[in-house]
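With mmCIF, C-alpha atoms inside, this is final-v1.cif:
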```cif
data_query
#
loop_
_atom_site.label_atom_id
_atom_site.label_comp_id
_atom_site.auth_asym_id
_atom_site.auth_seq_id
_atom_site.Cartn_x
_atom_site.Cartn_y
_atom_site.Cartn_z
CA MET A 220 100.41 5.53 -99.40
CA SER A 221 98.06 7.79 -97.47
CA LEU A 222 98.96 11.14 -95.94
CA LYS A 223 98.83 9.53 -92.49
CA ALA A 224 101.39 6.87 -93.44
CA PHE A 225 103.62 9.41 -95.18
CA HIS A 226 103.40 11.67 -92.15
CA ILE A 227 104.62 8.85 -89.91
CA VAL A 228 107.52 8.19 -92.33
CA PHE A 229 108.30 11.92 -92.26
CA ILE A 230 108.29 12.01 -88.46
CA ILE A 231 110.67 9.01 -88.38
CA PHE A 232 113.09 10.84 -90.71
CA SER A 233 112.73 14.05 -88.66
CA THR A 234 113.53 12.09 -85.49
CA LEU A 235 116.61 10.60 -87.15
CA LEU A 236 117.67 14.09 -88.22
CA ALA A 237 117.24 15.42 -84.66
CA LEU A 238 119.31 12.51 -83.29
CA GLY A 239 121.95 13.05 -85.99
CA THR A 240 122.11 16.78 -85.29
CA GLY A 241 122.50 16.01 -81.58
CA ALA A 242 125.36 13.61 -82.31
CA TRP A 243 126.95 16.18 -84.61
CA CYS A 244 126.75 18.82 -81.83
CA VAL A 245 128.38 16.41 -79.36
CA TRP A 246 131.15 15.73 -81.87
CA VAL A 247 131.78 19.45 -82.50
CA ASP A 248 131.77 20.08 -78.75
CA LEU A 249 134.36 17.34 -78.21
CA VAL A 250 136.58 18.78 -80.95
CA GLU A 251 136.15 22.49 -80.19
CA GLY A 252 135.20 22.42 -76.52
CA ALA A 253 132.48 25.00 -77.06
CA PRO A 254 129.59 24.67 -74.54
CA ILE A 255 127.11 26.23 -76.96
CA TYR A 256 127.25 23.01 -79.00
CA LEU A 257 126.47 21.00 -75.89
CA ALA A 258 123.34 23.13 -75.49
CA GLY A 259 122.57 22.39 -79.14
CA ALA A 260 122.99 18.66 -78.50
CA ILE A 261 120.60 18.76 -75.54
CA ALA A 262 118.04 20.72 -77.59
CA SER A 263 118.36 18.27 -80.51
CA PHE A 264 117.93 15.17 -78.32
CA ALA A 265 114.96 16.83 -76.58
CA ALA A 266 113.46 17.56 -80.02
CA ALA A 267 113.95 13.89 -80.95
CA ILE A 268 112.04 12.80 -77.81
CA VAL A 269 109.24 15.29 -78.57
CA LEU A 270 108.98 13.94 -82.12
CA ILE A 271 108.79 10.34 -80.91
CA VAL A 272 106.06 11.23 -78.38
CA TYR A 273 104.19 13.17 -81.05
CA GLY A 274 104.52 10.31 -83.56
CA VAL A 275 103.04 7.79 -81.13
CA TRP A 276 100.26 10.23 -80.15
CA PHE A 277 99.45 10.89 -83.82
CA TYR A 278 99.32 7.21 -84.73
CA ARG A 279 97.04 6.37 -81.80
CA LYS A 280 94.76 9.33 -82.46
CA MET A 281 94.34 8.53 -86.14
CA LYS A 282 93.59 4.93 -85.29
CA ARG A 283 91.09 5.91 -82.61
CA LEU A 284 89.31 8.34 -84.89
CA ARG A 285 89.34 5.72 -87.66
CA ILE A 286 90.28 8.38 -90.18
CA ILE A 287 92.38 5.73 -91.77
CA THR A 288 92.61 2.12 -90.67
CA MET B 52 80.84 17.14 -117.27
CA GLU B 53 81.95 15.91 -113.88
CA ILE B 54 85.51 14.67 -113.42
CA PRO B 55 85.28 11.01 -112.36
CA TYR B 56 86.94 9.38 -109.36
CA THR B 57 87.75 12.55 -107.38
CA ILE B 58 86.17 11.02 -104.28
CA SER B 59 85.28 7.41 -105.01
CA THR B 60 88.04 4.96 -105.91
CA ARG B 61 88.61 3.57 -109.37
CA PRO B 62 87.78 -0.12 -109.52
CA ASP B 63 90.99 -1.01 -111.38
CA THR B 64 93.49 0.93 -109.21
CA GLY B 65 91.63 0.98 -105.92
CA LEU B 66 92.54 4.67 -105.56
CA TRP B 67 91.01 7.98 -106.52
CA ASN B 68 92.71 9.61 -109.49
CA ALA B 69 94.44 12.54 -107.81
CA LYS B 70 96.28 10.21 -105.48
CA ILE B 71 97.69 8.20 -108.37
CA GLY B 72 98.59 11.48 -110.05
CA ILE B 73 100.45 12.95 -107.09
CA TRP B 74 102.49 9.79 -106.52
CA LEU B 75 103.50 9.65 -110.19
CA PHE B 76 104.52 13.29 -109.91
CA LEU B 77 106.46 12.65 -106.68
CA ALA B 78 108.25 9.73 -108.36
CA SER B 79 109.50 12.16 -111.03
CA GLU B 80 110.53 14.57 -108.26
CA VAL B 81 112.56 11.83 -106.56
CA MET B 82 114.49 11.41 -109.81
CA LEU B 83 115.00 15.17 -110.16
CA PHE B 84 116.31 15.75 -106.64
CA GLY B 85 118.08 12.37 -106.60
CA GLY B 86 120.12 13.47 -109.61
CA LEU B 87 121.02 16.77 -107.97
CA PHE B 88 122.01 15.14 -104.68
CA SER B 89 124.13 12.58 -106.57
CA ALA B 90 125.84 15.38 -108.48
CA TYR B 91 126.61 17.18 -105.21
CA ILE B 92 128.04 14.05 -103.57
CA PHE B 93 130.28 13.23 -106.56
CA LEU B 94 131.47 16.84 -106.88
CA ARG B 95 132.39 16.81 -103.22
CA ILE B 96 134.18 13.45 -103.38
CA ASP B 97 136.14 14.62 -106.42
CA ALA B 98 137.16 18.03 -104.98
CA ALA B 99 140.89 18.64 -104.48
CA PRO B 100 142.00 18.66 -100.80
CA GLY B 101 141.28 21.97 -99.07
CA THR B 102 139.13 23.39 -101.86
CA TRP B 103 135.68 22.33 -100.66
CA PRO B 104 134.11 25.11 -98.54
CA HIS B 105 132.90 24.02 -95.12
CA GLY B 106 131.19 25.90 -92.32
CA LEU B 107 130.06 28.80 -94.51
CA LEU B 108 126.36 28.42 -93.75
CA ASN B 109 124.57 29.64 -90.65
CA VAL B 110 123.66 26.47 -88.72
CA PRO B 111 121.35 28.08 -86.09
CA VAL B 112 119.29 29.76 -88.82
CA GLY B 113 119.20 26.54 -90.85
CA THR B 114 118.08 24.61 -87.76
CA MET B 115 115.31 27.13 -87.12
CA ASN B 116 114.11 26.80 -90.73
CA THR B 117 114.17 23.01 -90.40
CA ALA B 118 112.01 23.19 -87.26
CA ILE B 119 109.58 25.53 -89.06
CA LEU B 120 109.18 23.07 -91.94
CA ILE B 121 108.66 20.11 -89.59
CA MET B 122 106.01 22.11 -87.75
CA SER B 123 104.28 22.95 -91.03
CA SER B 124 104.05 19.23 -91.86
CA VAL B 125 102.37 18.65 -88.52
CA THR B 126 99.86 21.46 -89.07
CA VAL B 127 99.00 20.38 -92.63
CA VAL B 128 98.19 16.86 -91.48
CA LEU B 129 96.12 18.27 -88.62
CA ALA B 130 94.28 20.48 -91.15
CA TRP B 131 93.45 17.40 -93.20
CA ALA B 132 92.34 15.47 -90.08
CA ALA B 133 90.13 18.42 -89.08
CA LEU B 134 88.42 18.29 -92.49
CA LYS B 135 87.88 14.55 -92.12
CA MET B 136 86.15 15.30 -88.80
CA ARG B 137 84.15 18.08 -90.51
CA ARG B 138 85.64 20.83 -88.36
CA TYR B 139 86.12 23.58 -90.93
CA ARG B 140 87.13 26.26 -88.42
CA ALA B 141 89.99 24.13 -87.07
CA TYR B 142 91.02 23.31 -90.65
CA TRP B 143 91.14 27.03 -91.45
CA TRP B 144 93.46 27.79 -88.53
CA TYR B 145 95.79 24.84 -89.13
CA MET B 146 96.03 25.76 -92.79
CA LEU B 147 96.80 29.38 -91.92
CA VAL B 148 99.69 28.25 -89.66
CA THR B 149 100.99 26.00 -92.47
CA ILE B 150 100.95 28.90 -94.93
CA LEU B 151 102.70 31.18 -92.43
CA CYS B 152 105.40 28.56 -91.81
CA GLY B 153 106.05 28.35 -95.56
CA VAL B 154 106.20 32.14 -95.86
CA ILE B 155 108.59 32.45 -92.89
CA PHE B 156 110.84 29.75 -94.37
CA LEU B 157 111.01 31.55 -97.72
CA THR B 158 111.52 34.94 -96.10
CA VAL B 159 114.45 33.69 -94.01
CA LYS B 160 115.98 32.06 -97.07
CA LEU B 161 115.49 34.91 -99.53
CA ALA B 162 115.77 37.97 -97.27
CA TYR B 163 118.49 36.78 -94.88
CA GLU B 164 120.48 33.68 -95.82
CA TRP B 165 120.96 34.25 -99.55
CA PRO B 166 121.70 38.02 -99.35
CA GLN B 167 124.37 37.34 -96.70
CA LYS B 168 126.14 35.14 -99.22
CA PHE B 169 125.73 37.66 -102.03
CA GLU B 170 127.60 40.24 -99.91
CA HIS B 171 130.52 37.94 -99.10
CA PHE B 172 133.66 37.98 -101.21
CA GLY B 173 136.33 35.38 -101.88
CA ALA B 174 139.60 35.58 -103.85
CA TYR B 175 141.45 32.40 -104.82
CA ILE B 176 145.18 33.14 -104.89
CA LYS B 177 147.41 31.76 -107.66
CA PRO B 178 149.70 28.97 -106.35
CA GLU B 179 152.86 30.94 -107.23
CA ALA B 180 151.64 34.00 -105.25
CA LEU B 181 150.52 32.21 -102.08
CA TRP B 182 153.74 33.18 -100.24
CA LYS B 183 152.92 36.89 -100.67
CA TYR B 184 149.74 36.45 -98.61
CA GLU B 185 151.18 34.15 -95.96
CA LYS B 186 150.13 36.54 -93.17
CA TYR B 187 146.50 36.04 -94.20
CA LEU B 188 146.75 32.32 -94.98
CA GLY B 189 149.05 30.88 -92.30
CA ASN B 190 150.03 27.98 -94.54
CA GLN B 191 153.48 27.49 -92.98
CA ARG B 192 151.92 26.64 -89.62
CA ARG B 193 149.22 24.56 -91.29
CA ALA B 194 151.85 22.53 -93.15
CA GLU B 195 153.67 21.89 -89.84
CA LYS B 196 150.43 20.67 -88.29
CA GLY B 197 149.59 18.50 -91.31
CA LEU B 198 146.55 20.60 -92.28
CA GLU B 199 145.43 21.31 -95.83
CA PRO B 200 146.67 24.65 -97.21
CA ARG B 201 144.41 27.69 -97.52
CA ILE B 202 144.17 29.13 -101.01
CA GLU B 203 141.33 31.63 -100.58
CA ILE B 204 141.05 34.96 -98.80
CA THR B 205 137.51 35.87 -97.81
CA GLY B 206 135.62 38.79 -96.28
CA HIS B 207 133.65 41.81 -97.41
CA LEU B 208 134.81 43.67 -100.49
CA HIS B 209 135.82 47.07 -99.13
CA SER B 210 136.85 48.64 -102.41
CA GLU B 211 138.24 47.71 -105.80
CA ASN B 212 140.30 49.44 -108.47
CA ALA B 213 141.94 48.33 -111.70
CA LYS B 214 144.86 46.69 -109.88
CA GLU B 215 143.71 45.70 -106.41
CA TYR B 216 140.97 44.42 -104.15
CA GLU B 217 140.64 45.75 -100.62
CA VAL B 218 138.95 43.21 -98.40
CA ALA B 219 137.67 43.50 -94.81
CA LEU B 220 138.86 40.10 -93.68
CA ASP B 221 136.96 37.23 -92.15
CA PRO B 222 138.48 36.10 -88.80
CA VAL B 223 139.93 33.04 -90.52
CA ASN B 224 142.20 35.29 -92.63
CA ALA B 225 142.62 38.05 -90.02
CA GLU B 226 144.07 35.58 -87.50
CA PRO B 227 145.19 32.65 -89.66
CA ASP B 228 147.64 31.31 -87.05
CA SER B 229 145.06 31.11 -84.29
CA PRO B 230 144.29 27.45 -83.42
CA ALA B 231 140.62 28.48 -83.18
CA MET B 232 140.67 29.08 -86.94
CA ASP B 233 141.84 25.57 -87.78
CA ARG B 234 138.23 24.36 -87.82
CA PRO B 235 135.10 25.68 -89.50
CA HIS B 236 132.77 27.88 -87.46
CA PHE B 237 129.13 26.92 -87.67
CA PHE B 238 128.06 29.99 -85.68
CA PRO B 239 129.16 32.67 -88.13
CA LEU B 240 131.80 35.12 -86.90
CA PRO B 241 131.52 38.78 -87.99
CA VAL B 242 134.08 40.19 -90.42
CA THR B 243 136.94 42.07 -88.80
CA ASP B 244 138.08 45.65 -89.45
CA LYS B 245 141.42 44.36 -90.69
CA ILE B 246 141.82 45.25 -94.37
CA ALA B 247 143.92 43.21 -96.78
CA THR B 248 145.09 44.49 -100.15
CA ILE B 249 145.16 41.79 -102.80
CA GLU B 250 146.72 42.45 -106.18
CA LYS B 251 144.51 41.32 -109.04
CA GLU B 252 147.43 39.78 -110.92
CA ASP B 253 147.89 37.38 -107.97
CA VAL B 254 144.28 36.25 -108.08
CA GLU B 255 143.23 33.14 -109.97
CA ARG B 256 139.55 34.03 -109.65
CA ALA B 257 137.55 36.28 -107.38
CA THR B 258 133.83 36.44 -106.88
CA MET B 259 131.10 37.04 -104.36
CA PHE B 260 129.59 33.89 -102.80
CA LEU B 261 127.45 33.24 -105.88
CA PRO B 262 127.01 30.05 -107.90
CA THR B 263 130.13 31.10 -109.83
CA HIS B 264 132.23 30.96 -106.63
CA SER B 265 132.53 27.17 -106.42
CA ALA B 266 130.83 23.86 -107.13
CA TYR B 267 129.66 23.99 -103.52
CA PHE B 268 127.74 27.25 -103.94
CA ALA B 269 126.53 26.22 -107.42
CA SER B 270 125.02 23.09 -105.84
CA TYR B 271 123.75 24.99 -102.81
CA PHE B 272 121.91 27.67 -104.79
CA THR B 273 120.56 25.15 -107.33
CA ILE B 274 119.16 22.74 -104.76
CA THR B 275 117.91 25.29 -102.22
CA GLY B 276 116.54 27.46 -105.06
CA LEU B 277 114.64 24.55 -106.59
CA HIS B 278 113.45 23.52 -103.14
CA GLY B 279 112.34 27.12 -102.47
CA LEU B 280 110.31 27.10 -105.70
CA HIS B 281 108.56 23.95 -104.46
CA VAL B 282 107.83 25.63 -101.13
CA LEU B 283 106.40 28.62 -103.00
CA GLY B 284 104.22 26.31 -105.10
CA GLY B 285 102.94 24.60 -101.97
CA VAL B 286 102.18 27.93 -100.28
CA LEU B 287 100.21 29.12 -103.34
CA VAL B 288 98.13 25.92 -103.45
CA PHE B 289 97.47 26.05 -99.70
CA THR B 290 96.48 29.70 -99.95
CA TYR B 291 93.94 28.82 -102.65
CA MET B 292 92.51 26.08 -100.45
CA TRP B 293 92.41 28.44 -97.47
CA LEU B 294 90.54 31.25 -99.24
CA PRO B 295 86.71 31.48 -99.09
CA VAL B 296 86.45 29.64 -102.41
CA SER B 297 87.38 26.44 -100.55
CA LYS B 298 84.48 26.91 -98.17
CA LYS B 299 82.07 26.67 -101.10
CA LEU B 300 83.58 23.35 -102.06
CA TYR B 301 83.44 22.25 -98.42
CA GLN B 302 79.73 23.08 -98.23
CA ARG B 303 79.07 21.27 -101.50
CA ASN B 304 81.28 18.24 -100.92
CA PRO B 305 83.58 18.18 -97.86
CA GLU B 306 85.23 14.91 -98.85
CA HIS B 307 86.36 16.43 -102.15
CA LEU B 308 88.15 19.26 -100.31
CA ALA B 309 89.66 16.75 -97.86
CA ASN B 310 91.07 14.78 -100.80
CA ARG B 311 92.53 17.93 -102.31
CA VAL B 312 94.18 18.77 -99.00
CA GLU B 313 95.51 15.21 -98.76
CA VAL B 314 97.27 15.31 -102.14
CA SER B 315 98.70 18.78 -101.53
CA GLY B 316 99.73 17.59 -98.06
CA LEU B 317 101.56 14.66 -99.66
CA PHE B 318 103.42 17.13 -101.90
CA TRP B 319 104.24 19.30 -98.88
CA HIS B 320 105.59 16.33 -96.94
CA PHE B 321 107.80 15.42 -99.88
CA VAL B 322 109.15 18.97 -100.07
CA ASP B 323 109.86 18.91 -96.33
CA LEU B 324 111.51 15.51 -96.62
CA ILE B 325 113.87 16.94 -99.26
CA TRP B 326 114.88 19.60 -96.73
CA ILE B 327 115.56 16.88 -94.15
CA PHE B 328 118.34 15.74 -96.51
CA VAL B 329 119.46 19.22 -97.60
CA PHE B 330 120.06 20.46 -94.06
CA PRO B 331 122.69 17.92 -92.89
CA LEU B 332 124.31 17.67 -96.32
CA PHE B 333 124.93 21.40 -96.81
CA TYR B 334 124.93 22.82 -93.29
CA LEU B 335 126.51 20.15 -91.07
CA LEU B 336 128.72 17.76 -93.03
#
```
Kindly return the structure encoded in the file as C-alpha cells.
Amino acid sequence: MSLKAFHIVFIIFSTLLALGTGAWCVWVDLVEGAPIYLAGAIASFAAAIVLIVYGVWFYRKMKRLRIIT
Amino acid sequence: MEIPYTISTRPDTGLWNAKIGIWLFLASEVMLFGGLFSAYIFLRIDAAPGTWPHGLLNVPVGTMNTAILIMSSVTVVLAWAALKMRRYRAYWWYMLVTILCGVIFLTVKLAYEWPQKFEHFGAYIKPEALWKYEKYLGNQRRAEKGLEPRIEITGHLHSENAKEYEVALDPVNAEPDSPAMDRPHFFPLPVTDKIATIEKEDVERATMFLPTHSAYFASYFTITGLHGLHVLGGVLVFTYMWLPVSKKLYQRNPEHLANRVEVSGLFWHFVDLIWIFVFPLFYLL
C-alpha cells in the first residue's frame, strides 16, 4: 500500500473519529445539559466535513498529478 | 557497494525493499499495540463495578493533541508530494510543520498532561471504614439512586504524617451529594480548598495517579508512553531528513529521498492511527 492510499485510509478513520466525538458530545449534552458539549459537537461535525472535503480534494489532486495512479 | 532496489522495484516482489521492510515492521507493531489494546479492554470488562476510573483525563487537551496529529499526517503527505513534484522548498516547509506538530504533541503530553496526573492523589478506603468518610463519599444517597458506591477519595495531597493524610479534595468528594457529581467531568474541575483528614489505618492503598494507582492508569501510561516513544522516533527521523544532509541526497537522487520520506510517512501515519484509537478509548469511553 502506498502512502497515498494509507493517507486516504487515515483520513477515513479520522472522519469516523470526528463523527464519533460529535455523537459523544451530543450524548453528554443530553445527559448533563451542558451547552459547552453542544459547541463541541458542532466543532466535531464541522471537522468531519472538513476532513471529507480534504479527502476528496487530496484524492483528485493526486490523481491529476499522476503521482500515483 | 550500492544498496540494491532503493528506487527501482524488485522483480520478484514488485516493490522497492524499504517498502517491504516498513510494512513488515508495521505488521509487528499491529501485534504489539493490538496486544496492549486487548489487555486494556479485558481489564476494563473484568473490573469490579465502580472501580474503573472514568473522566479523569482532560478531553479538550486530548482533542487538541488529536487535531495536531491529524494535521501532521496531512503535512507529511504534502511534503512527500512536494518531493515527487521536485519542489524542495515546499518539502522543507511541510516537513518543518510536521516536526513542530510532533514536538508540540510530545510537549503537551510530557509537560502538561502527565505531570497533572503525577500531582493528583487518590486513597482507596477499606470497605469496613467507608462509613467514617460518608461525608466525602455520599454513598447513602448513591445507594438510594441505584448508583455504584464510591470507594476512593481524591484530590491534592496537602500533607502527610505517620498516621494521616490531609487531602485538598476534588469537587466530587467535596460535594459528594451534589447531583452534578453523579457523572464524570470531562472538562476538569479544579481542586477545592476543602481539606479532608484520612487515617492511614482506614486506607487500603493510596498513591498518586501513577501506574501503581490502578489498571486504568497502568494501561494509560503504558500505551501513551509507548506511543510517545514512537512519536519521538518519527520526529528524529523527520529531523534528519529535514536537515541539510537531505538536500545533498535530493541533489544526487531526488527519488531516493522521496522514497525515504514515503516509508517514514507510512510509519508516521501508523503512529497517528494508533492515537485515533487511543483517544476515544481512554478519554471518551
Using 7 Å as the limit and counting all atoms listed in the file, can you tabulate each residue of chain B that touches chain A, with its shortest atom-to-atom distance in Å and the two atoms involved, as JSON lines?
```
{"residue": "B:Lys135", "atom": "CA", "partner": "A:Ile286", "partner_atom": "CA", "distance": 6.9}
{"residue": "B:Glu313", "atom": "CA", "partner": "A:Leu222", "partner_atom": "CA", "distance": 6.0}
{"residue": "B:Gly316", "atom": "CA", "partner": "A:Leu222", "partner_atom": "CA", "distance": 6.8}
{"residue": "B:Leu317", "atom": "CA", "partner": "A:Leu222", "partner_atom": "CA", "distance": 5.7}
{"residue": "B:His320", "atom": "CA", "partner": "A:Phe229", "partner_atom": "CA", "distance": 7.0}
{"residue": "B:Leu324", "atom": "CA", "partner": "A:Phe229", "partner_atom": "CA", "distance": 6.5}
{"residue": "B:Ile327", "atom": "CA", "partner": "A:Ser233", "partner_atom": "CA", "distance": 6.8}
```
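Between CA of His171 (chain B) and CA of Glu185 (chain B) the separation is 21.2 Å.
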B:Leu188, B:Ile71, B:Ala309, B:Leu240: which is nearest Val127 (chain B), counting only C-alpha atoms? B:Ala309
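One finds CA of Pro200 (chain B) at 12.7 Å from CA of Lys177 (chain B).
With CA of Tyr267 (chain B) on one side and CA of Phe93 (chain B) on the other, the separation reads 11.2 Å.
This file, filtered with the PyMOL selection byres ((chain B and resi 102) around 10), gives the residues Arg95, Ala98, Ala99, Pro100, Gly101, Trp103, Pro104, His105, Tyr175, Glu199, Pro200, Arg201, Ile202, Glu203, Ser265, Ala266 and Tyr267 of chain B.
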Keeping only C-alpha atoms, write those residues as a short mmCIF file (atom, residue, chain, number, x, y, z; two decimals), keeping the file's coordinate frame.
```
data_model
loop_
_atom_site.label_atom_id
_atom_site.label_comp_id
_atom_site.auth_asym_id
_atom_site.auth_seq_id
_atom_site.Cartn_x
_atom_site.Cartn_y
_atom_site.Cartn_z
CA ARG B 95 132.39 16.81 -103.22
CA ALA B 98 137.16 18.03 -104.98
CA ALA B 99 140.89 18.64 -104.48
CA PRO B 100 142.00 18.66 -100.80
CA GLY B 101 141.28 21.97 -99.07
CA TRP B 103 135.68 22.33 -100.66
CA PRO B 104 134.11 25.11 -98.54
CA HIS B 105 132.90 24.02 -95.12
CA TYR B 175 141.45 32.40 -104.82
CA GLU B 199 145.43 21.31 -95.83
CA PRO B 200 146.67 24.65 -97.21
CA ARG B 201 144.41 27.69 -97.52
CA ILE B 202 144.17 29.13 -101.01
CA GLU B 203 141.33 31.63 -100.58
CA SER B 265 132.53 27.17 -106.42
CA ALA B 266 130.83 23.86 -107.13
CA TYR B 267 129.66 23.99 -103.52
#
```
Around (117.9, 29.5, -92.2), as given in the file, which residues come within 6 Å? Count only C-alpha atoms and list them as an NGL selection string. :B and (112-113 or 116 or 159-160)
Take the residues that were just selected and, keeping C-alpha atoms, output them as a compact mmCIF listing (two decimals), keeping the file's coordinate frame.
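Printed below is out.txt as written:
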```txt
# COMPACT_ATOMS: atom_id res chain seq x y z
CA VAL B 112 119.29 29.76 -88.82
CA GLY B 113 119.20 26.54 -90.85
CA ASN B 116 114.11 26.80 -90.73
CA VAL B 159 114.45 33.69 -94.01
CA LYS B 160 115.98 32.06 -97.07
```
Could you list, as a ChimeraX atom specification, every residue within 12 Å of Arg311 (chain B), counting only C-alpha atoms and ignoring same-chain residues fewer than 2 positions away? /A:222 /B:57-58,67-70,72-73,127,130-131,134-135,288-289,291-293,297,300-301,304-309,313-318
Given the selection you just returned, output its residues as a file containing C-alpha atoms, formatted as a JSON list (two decimals), in the frame of the given file.
```json
[["chain", "number", "residue", "atom", "x", "y", "z"],
["A", 222, "LEU", "CA", 98.96, 11.14, -95.94],
["B", 57, "THR", "CA", 87.75, 12.55, -107.38],
["B", 58, "ILE", "CA", 86.17, 11.02, -104.28],
["B", 67, "TRP", "CA", 91.01, 7.98, -106.52],
["B", 68, "ASN", "CA", 92.71, 9.61, -109.49],
["B", 69, "ALA", "CA", 94.44, 12.54, -107.81],
["B", 70, "LYS", "CA", 96.28, 10.21, -105.48],
["B", 72, "GLY", "CA", 98.59, 11.48, -110.05],
["B", 73, "ILE", "CA", 100.45, 12.95, -107.09],
["B", 127, "VAL", "CA", 99.00, 20.38, -92.63],
["B", 130, "ALA", "CA", 94.28, 20.48, -91.15],
["B", 131, "TRP", "CA", 93.45, 17.40, -93.20],
["B", 134, "LEU", "CA", 88.42, 18.29, -92.49],
["B", 135, "LYS", "CA", 87.88, 14.55, -92.12],
["B", 288, "VAL", "CA", 98.13, 25.92, -103.45],
["B", 289, "PHE", "CA", 97.47, 26.05, -99.70],
["B", 291, "TYR", "CA", 93.94, 28.82, -102.65],
["B", 292, "MET", "CA", 92.51, 26.08, -100.45],
["B", 293, "TRP", "CA", 92.41, 28.44, -97.47],
["B", 297, "SER", "CA", 87.38, 26.44, -100.55],
["B", 300, "LEU", "CA", 83.58, 23.35, -102.06],
["B", 301, "TYR", "CA", 83.44, 22.25, -98.42],
["B", 304, "ASN", "CA", 81.28, 18.24, -100.92],
["B", 305, "PRO", "CA", 83.58, 18.18, -97.86],
["B", 306, "GLU", "CA", 85.23, 14.91, -98.85],
["B", 307, "HIS", "CA", 86.36, 16.43, -102.15],
["B", 308, "LEU", "CA", 88.15, 19.26, -100.31],
["B", 309, "ALA", "CA", 89.66, 16.75, -97.86],
["B", 313, "GLU", "CA", 95.51, 15.21, -98.76],
["B", 314, "VAL", "CA", 97.27, 15.31, -102.14],
["B", 315, "SER", "CA", 98.70, 18.78, -101.53],
["B", 316, "GLY", "CA", 99.73, 17.59, -98.06],
["B", 317, "LEU", "CA", 101.56, 14.66, -99.66],
["B", 318, "PHE", "CA", 103.42, 17.13, -101.90]]
```
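Residues in contact with Leu151 (chain B) at 12 Å, where all atoms listed in the file are counted and same-chain residues fewer than 2 positions away are skipped, are listed as Ile119, Leu120, Met122, Ser123, Thr126, Val127, Trp144, Tyr145, Met146, Leu147, Val148, Thr149, Gly153, Val154, Ile155, Phe156, Leu157, Thr158, Val282, Leu283, Gly285, Val286, Leu287, Phe289, Thr290 and Trp293 of chain B.
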Residues matched by the PyMOL selection byres ((chain B and resi 245-256) around 10) as an MDAnalysis selection string: chainID B and resid 173:181 183:184 186:187 202:222 224:226 242:244 257:258 263:264
List the spatial neighbours of Val245 (chain A) as a ChimeraX atom specification - criterion: any atom at most 7 Å away, all atoms listed in the file, same-chain residues fewer than 4 positions off excluded. /A:241,249,256-257,260
At a cut-off of 8 Å, using only C-alpha atoms, what residues contact Phe169 (chain B)? Leave out same-chain residues fewer than 6 positions from it and give the result as a PyMOL selection string. chain B and resi 259-261
Up to 8 Å from (126.3, 31.5, -95.7) in the file's coordinates: name the residues, counting all atoms listed in the file, as a count of residues only. 7
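Shortest atom-to-atom contact with Tyr271 (chain B) among B:Ser79, B:Leu66, B:Met136, B:Leu94: B:Leu94, counting all atoms listed in the file.
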Applying the PyMOL selection byres ((chain B and resi 88) around 10) to the file I just gave you, which residues come out? Please list them as a PDB file with C-alpha atoms, keeping the file's coordinate frame.
```pdb
ATOM      1  CA  MET B  82     114.490  11.410-109.810  1.00  0.00           C
ATOM      2  CA  LEU B  83     115.000  15.170-110.160  1.00  0.00           C
ATOM      3  CA  PHE B  84     116.310  15.750-106.640  1.00  0.00           C
ATOM      4  CA  GLY B  85     118.080  12.370-106.600  1.00  0.00           C
ATOM      5  CA  GLY B  86     120.120  13.470-109.610  1.00  0.00           C
ATOM      6  CA  LEU B  87     121.020  16.770-107.970  1.00  0.00           C
ATOM      7  CA  SER B  89     124.130  12.580-106.570  1.00  0.00           C
ATOM      8  CA  ALA B  90     125.840  15.380-108.480  1.00  0.00           C
ATOM      9  CA  TYR B  91     126.610  17.180-105.210  1.00  0.00           C
ATOM     10  CA  ILE B  92     128.040  14.050-103.570  1.00  0.00           C
ATOM     11  CA  PHE B  93     130.280  13.230-106.560  1.00  0.00           C
ATOM     12  CA  LEU B  94     131.470  16.840-106.880  1.00  0.00           C
ATOM     13  CA  SER B 270     125.020  23.090-105.840  1.00  0.00           C
ATOM     14  CA  ILE B 274     119.160  22.740-104.760  1.00  0.00           C
ATOM     15  CA  ILE B 325     113.870  16.940 -99.260  1.00  0.00           C
ATOM     16  CA  PHE B 328     118.340  15.740 -96.510  1.00  0.00           C
ATOM     17  CA  VAL B 329     119.460  19.220 -97.600  1.00  0.00           C
ATOM     18  CA  LEU B 332     124.310  17.670 -96.320  1.00  0.00           C
TER      19      LEU B 332
END
```
